[in-house]
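Peer 1: Quick one: the structure is below, and I'll ask about it shortly.
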Amino acid sequence: MIGRSNLNRLTYFSRSVLDAEALIGNGQLAQLARVSQKKNEFAVITSILLYEKGWFSHVLEGDRGAVYETFQRIAADNRHKDVRIIEWREVARREFVTSFEVIIRNHATQEIFKKFNLDEVYQRGRPKVALVHSLALALQADAMAKRGIEILA
């Protein structure tokens, strides 16, 4: 008999209610990252938050209960609206390595974001989880490589 895994991955996207300049320029995103990193470390959650043209995509991994509680807090956060889960499932292992990584579309990440072209699918409200997941993994690998860390598959 195969037992159920308690390790879950939740992927959602939402619309930012703040403009990009306010979110990035006045440190709101950095503050969000500091607070979220501490909470995720305590809950043993790994995650990556992507920000592109007014849209958030977020992948969370961890214990089912911890992911549920974290998502409830996120869904109630007034910095975004139209929060939509695109996948929530059990997984065999974690694929993300940090408790909370924020990656924004900017000059350094532009080519990777452009390759996946999620802006149009966000507008239609139907991003495919495989596309978001692949983008998150590519951005994570790029961020880690820039730090001199090789991620083993």
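Order determines the names: the first chain of the structure tokens is A, the second B, and so forth; residues in each chain are numbered 1 upward, and ligands are numbered 1 upward as they are shown.
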Excluding A:Val91 and any residue of its chain fewer than 2 positions from it, enumerate the residues within 9 Å of it, using only C-alpha atoms, and give them as a list in words.
Peer 2: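 Counting only C-alpha atoms, the residues come to Ser5, Asn6, Leu7, Asn8, Arg9, Glu61, Arg89, Arg93 and Arg94 of chain A.
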Peer 1: Determine which residues of chain A receive a DSSP assignment of alpha helix (DSSP H), computed from the backbone, and state them as a ChimeraX atom specification.
Peer 2: /A:20,28-43,64-75,110-116,119-124,129-146
Peer 1: Can you write just those residues out, C-alpha atoms, as a short mmCIF file (atom, residue, chain, number, x, y, z; two decimals), in the first residue's frame?
Peer 2:
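This is the output file selection_7.cif:
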data_model
loop_
_atom_site.label_atom_id
_atom_site.label_comp_id
_atom_site.auth_asym_id
_atom_site.auth_seq_id
_atom_site.Cartn_x
_atom_site.Cartn_y
_atom_site.Cartn_z
CA ALA A 20 5.20 48.49 -10.05
CA GLN A 28 7.21 47.17 -0.17
CA LEU A 29 8.38 44.08 -2.07
CA ALA A 30 11.58 43.88 -0.02
CA GLN A 31 9.56 44.18 3.21
CA LEU A 32 7.17 41.49 2.00
CA ALA A 33 10.16 39.25 1.26
CA ARG A 34 11.70 39.72 4.73
CA VAL A 35 8.47 38.96 6.57
CA SER A 36 7.52 36.05 4.31
CA GLN A 37 10.96 34.48 4.53
CA LYS A 38 10.78 34.39 8.35
CA LYS A 39 7.26 32.94 8.34
CA ASN A 40 8.15 30.35 5.70
CA GLU A 41 11.30 29.30 7.53
CA PHE A 42 9.27 28.76 10.70
CA ALA A 43 6.65 26.73 8.76
CA ARG A 64 -0.15 20.24 3.68
CA GLY A 65 -1.32 22.11 6.78
CA ALA A 66 1.44 24.71 6.61
CA VAL A 67 0.75 25.37 2.92
CA TYR A 68 -2.98 25.71 3.65
CA GLU A 69 -2.40 28.19 6.51
CA THR A 70 0.10 30.19 4.47
CA PHE A 71 -2.22 30.37 1.49
CA GLN A 72 -5.12 31.54 3.68
CA ARG A 73 -2.95 34.41 4.91
CA ILE A 74 -1.87 35.22 1.34
CA ALA A 75 -5.43 35.16 -0.02
CA GLN A 110 13.93 39.92 -19.02
CA GLU A 111 15.07 37.19 -21.43
CA ILE A 112 13.85 34.33 -19.23
CA PHE A 113 10.45 35.97 -18.65
CA LYS A 114 10.17 36.75 -22.37
CA LYS A 115 10.86 33.11 -23.27
CA PHE A 116 7.78 31.99 -21.30
CA ASP A 119 1.63 38.22 -19.78
CA GLU A 120 -0.94 37.23 -22.41
CA VAL A 121 -2.13 34.15 -20.52
CA TYR A 122 -2.48 36.19 -17.32
CA GLN A 123 -4.73 38.59 -19.22
CA ARG A 124 -6.94 35.68 -20.29
CA VAL A 129 0.71 25.35 -14.30
CA ALA A 130 3.44 23.70 -16.40
CA LEU A 131 4.36 27.08 -17.87
CA VAL A 132 4.46 28.86 -14.50
CA HIS A 133 6.37 25.97 -12.94
CA SER A 134 8.94 25.88 -15.76
CA LEU A 135 9.42 29.65 -15.56
CA ALA A 136 9.90 29.47 -11.79
CA LEU A 137 12.47 26.68 -12.11
CA ALA A 138 14.36 28.54 -14.87
CA LEU A 139 14.44 31.74 -12.81
CA GLN A 140 15.52 29.85 -9.70
CA ALA A 141 18.37 28.17 -11.60
CA ASP A 142 19.45 31.54 -13.01
CA ALA A 143 19.35 33.23 -9.57
CA MET A 144 21.32 30.40 -7.96
CA ALA A 145 23.89 30.34 -10.78
CA LYS A 146 24.48 34.06 -10.27
#
Peer 1: Residues of stretch 78-133 of chain A that have any atom at most 10 Å from an atom of stretch 14-19 of chain A: could you tabulate them with the shortest-distance atom pair and the distance in Å to one decimal, using only C-alpha atoms, ordered by chain and increasing number, as a Markdown table?
Peer 2:
| residue | atom | partner | partner_atom | distance |
| --- | --- | --- | --- | --- |
| A:Asn78 | CA | A:Val17 | CA | 7.8 |
| A:Arg79 | CA | A:Val17 | CA | 5.6 |
| A:His80 | CA | A:Ser16 | CA | 4.3 |
| A:Lys81 | CA | A:Arg15 | CA | 5.3 |
| A:Asp82 | CA | A:Ser14 | CA | 5.3 |
| A:Val83 | CA | A:Ser14 | CA | 4.4 |
| A:Arg84 | CA | A:Ser14 | CA | 6.2 |
| A:Ile85 | CA | A:Ser14 | CA | 8.8 |
| A:Tyr122 | CA | A:Ser14 | CA | 8.7 |
| A:Gln123 | CA | A:Arg15 | CA | 9.8 |
| A:Gly125 | CA | A:Ser14 | CA | 9.4 |
Peer 1: Export, as a CSV table (one decimal), in the first residue's frame, the selected residues with N, CA and C atoms.
Peer 2:
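As a result, result_10.csv now contains:
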chain,number,residue,atom,x,y,z
A,78,ASN,N,-4.3,42.3,1.2
A,78,ASN,CA,-4.9,43.3,0.4
A,78,ASN,C,-3.9,43.9,-0.7
A,79,ARG,N,-2.7,43.4,-0.8
A,79,ARG,CA,-1.8,43.9,-1.9
A,79,ARG,C,-2.1,43.3,-3.2
A,80,HIS,N,-3.0,42.3,-3.2
A,80,HIS,CA,-3.4,41.7,-4.5
A,80,HIS,C,-4.8,41.3,-4.5
A,81,LYS,N,-5.3,41.0,-5.7
A,81,LYS,CA,-6.7,40.7,-5.8
A,81,LYS,C,-6.8,39.5,-6.9
A,82,ASP,N,-8.0,39.0,-7.0
A,82,ASP,CA,-8.2,37.9,-8.0
A,82,ASP,C,-7.3,36.8,-7.8
A,83,VAL,N,-7.1,36.3,-6.6
A,83,VAL,CA,-6.2,35.2,-6.3
A,83,VAL,C,-6.8,33.9,-6.9
A,84,ARG,N,-6.1,33.2,-7.7
A,84,ARG,CA,-6.6,32.0,-8.3
A,84,ARG,C,-5.6,30.9,-8.2
A,85,ILE,N,-6.0,29.8,-7.6
A,85,ILE,CA,-5.1,28.6,-7.5
A,85,ILE,C,-5.2,27.9,-8.9
A,122,TYR,N,-1.9,35.6,-18.5
A,122,TYR,CA,-2.5,36.2,-17.3
A,122,TYR,C,-3.7,37.0,-17.7
A,123,GLN,N,-3.6,37.7,-18.8
A,123,GLN,CA,-4.7,38.6,-19.2
A,123,GLN,C,-6.0,37.8,-19.5
A,125,GLY,N,-6.5,35.0,-18.0
A,125,GLY,CA,-6.9,34.3,-16.7
A,125,GLY,C,-6.7,32.8,-16.8
Peer 1: For stretch 102-108 of chain A, work out the shell of residues within 6 Å, counting only C-alpha atoms and skipping chain neighbours fewer than 2 positions away, then give it as an mmCIF file with C-alpha atoms, in the first residue's frame.
Peer 2:
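Wrote selection.cif, looks like this:
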data_model
loop_
_atom_site.group_PDB
_atom_site.id
_atom_site.type_symbol
_atom_site.label_atom_id
_atom_site.label_comp_id
_atom_site.auth_asym_id
_atom_site.auth_seq_id
_atom_site.Cartn_x
_atom_site.Cartn_y
_atom_site.Cartn_z
ATOM 1 C CA ILE A 48 9.279 31.438 -5.166
ATOM 2 C CA LEU A 49 7.248 34.553 -5.933
ATOM 3 C CA LEU A 50 7.408 35.979 -9.438
ATOM 4 C CA TYR A 51 6.342 39.513 -10.292
ATOM 5 C CA GLU A 52 5.730 40.543 -13.879
ATOM 6 C CA GLN A 110 13.926 39.916 -19.020
#
Peer 1: Could you please write out, as a PyMOL selection string, every residue of stretch 46-143 of chain A that DSSP assigns to strand (DSSP E)?
Peer 2: chain A and resi 46-52+55-63+80-90+101-104
Peer 1: Mind checking which residues fall within 7 Å of A:Glu87, counting only C-alpha atoms, ignoring those fewer than 3 positions away in the same chain, and posting them as a ChimeraX atom specification?
Peer 2: /A:10-12,129
Peer 1: Store the residues picked out above in a file with C-alpha atoms, as a PDB file, in the first residue's frame.
Peer 2:
ATOM      1  CA  LEU A  10       0.445  25.021  -4.388  1.00  0.00           C
ATOM      2  CA  THR A  11       0.680  27.379  -7.358  1.00  0.00           C
ATOM      3  CA  TYR A  12      -1.468  30.465  -7.725  1.00  0.00           C
ATOM      4  CA  VAL A 129       0.713  25.353 -14.300  1.00  0.00           C
TER       5      VAL A 129
END
Peer 1: Rank A:Ala76, A:Asn117, A:Trp55, A:Gly62 by their smallest atom-to-atom distance to A:Glu95, using only C-alpha atoms, and report the top residue only.
Peer 2: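 With only C-alpha atoms as the atom set, the closest residue is A:Gly62.
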Peer 1: For atom CA of A:Asp63 and atom CA of A:Phe100, determine how far apart the two atoms are, in Å to one decimal place.
Peer 2: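 Taking atom CA of A:Asp63 as the start and atom CA of A:Phe100 as the end point, the length is 15.4 Å.
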Peer 1: In Å, with one decimal, what is the gap from atom CA of A:His58 to atom CA of A:Asp77?
Peer 2: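 Going from atom CA of A:His58 over to atom CA of A:Asp77 covers 13.7 Å.
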Peer 1: Under the rule that only C-alpha atoms are counted, which of A:Glu150, A:Ser47, A:Lys128, A:Gly54 is the nearest residue to A:Ile86?
Peer 2: A:Lys128
Peer 1: Which residue out of A:Ile149, A:Val59, A:Val44, A:Ile24 has the minimum interatomic distance to A:Glu101 when only C-alpha atoms are used?
Peer 2: A:Val59
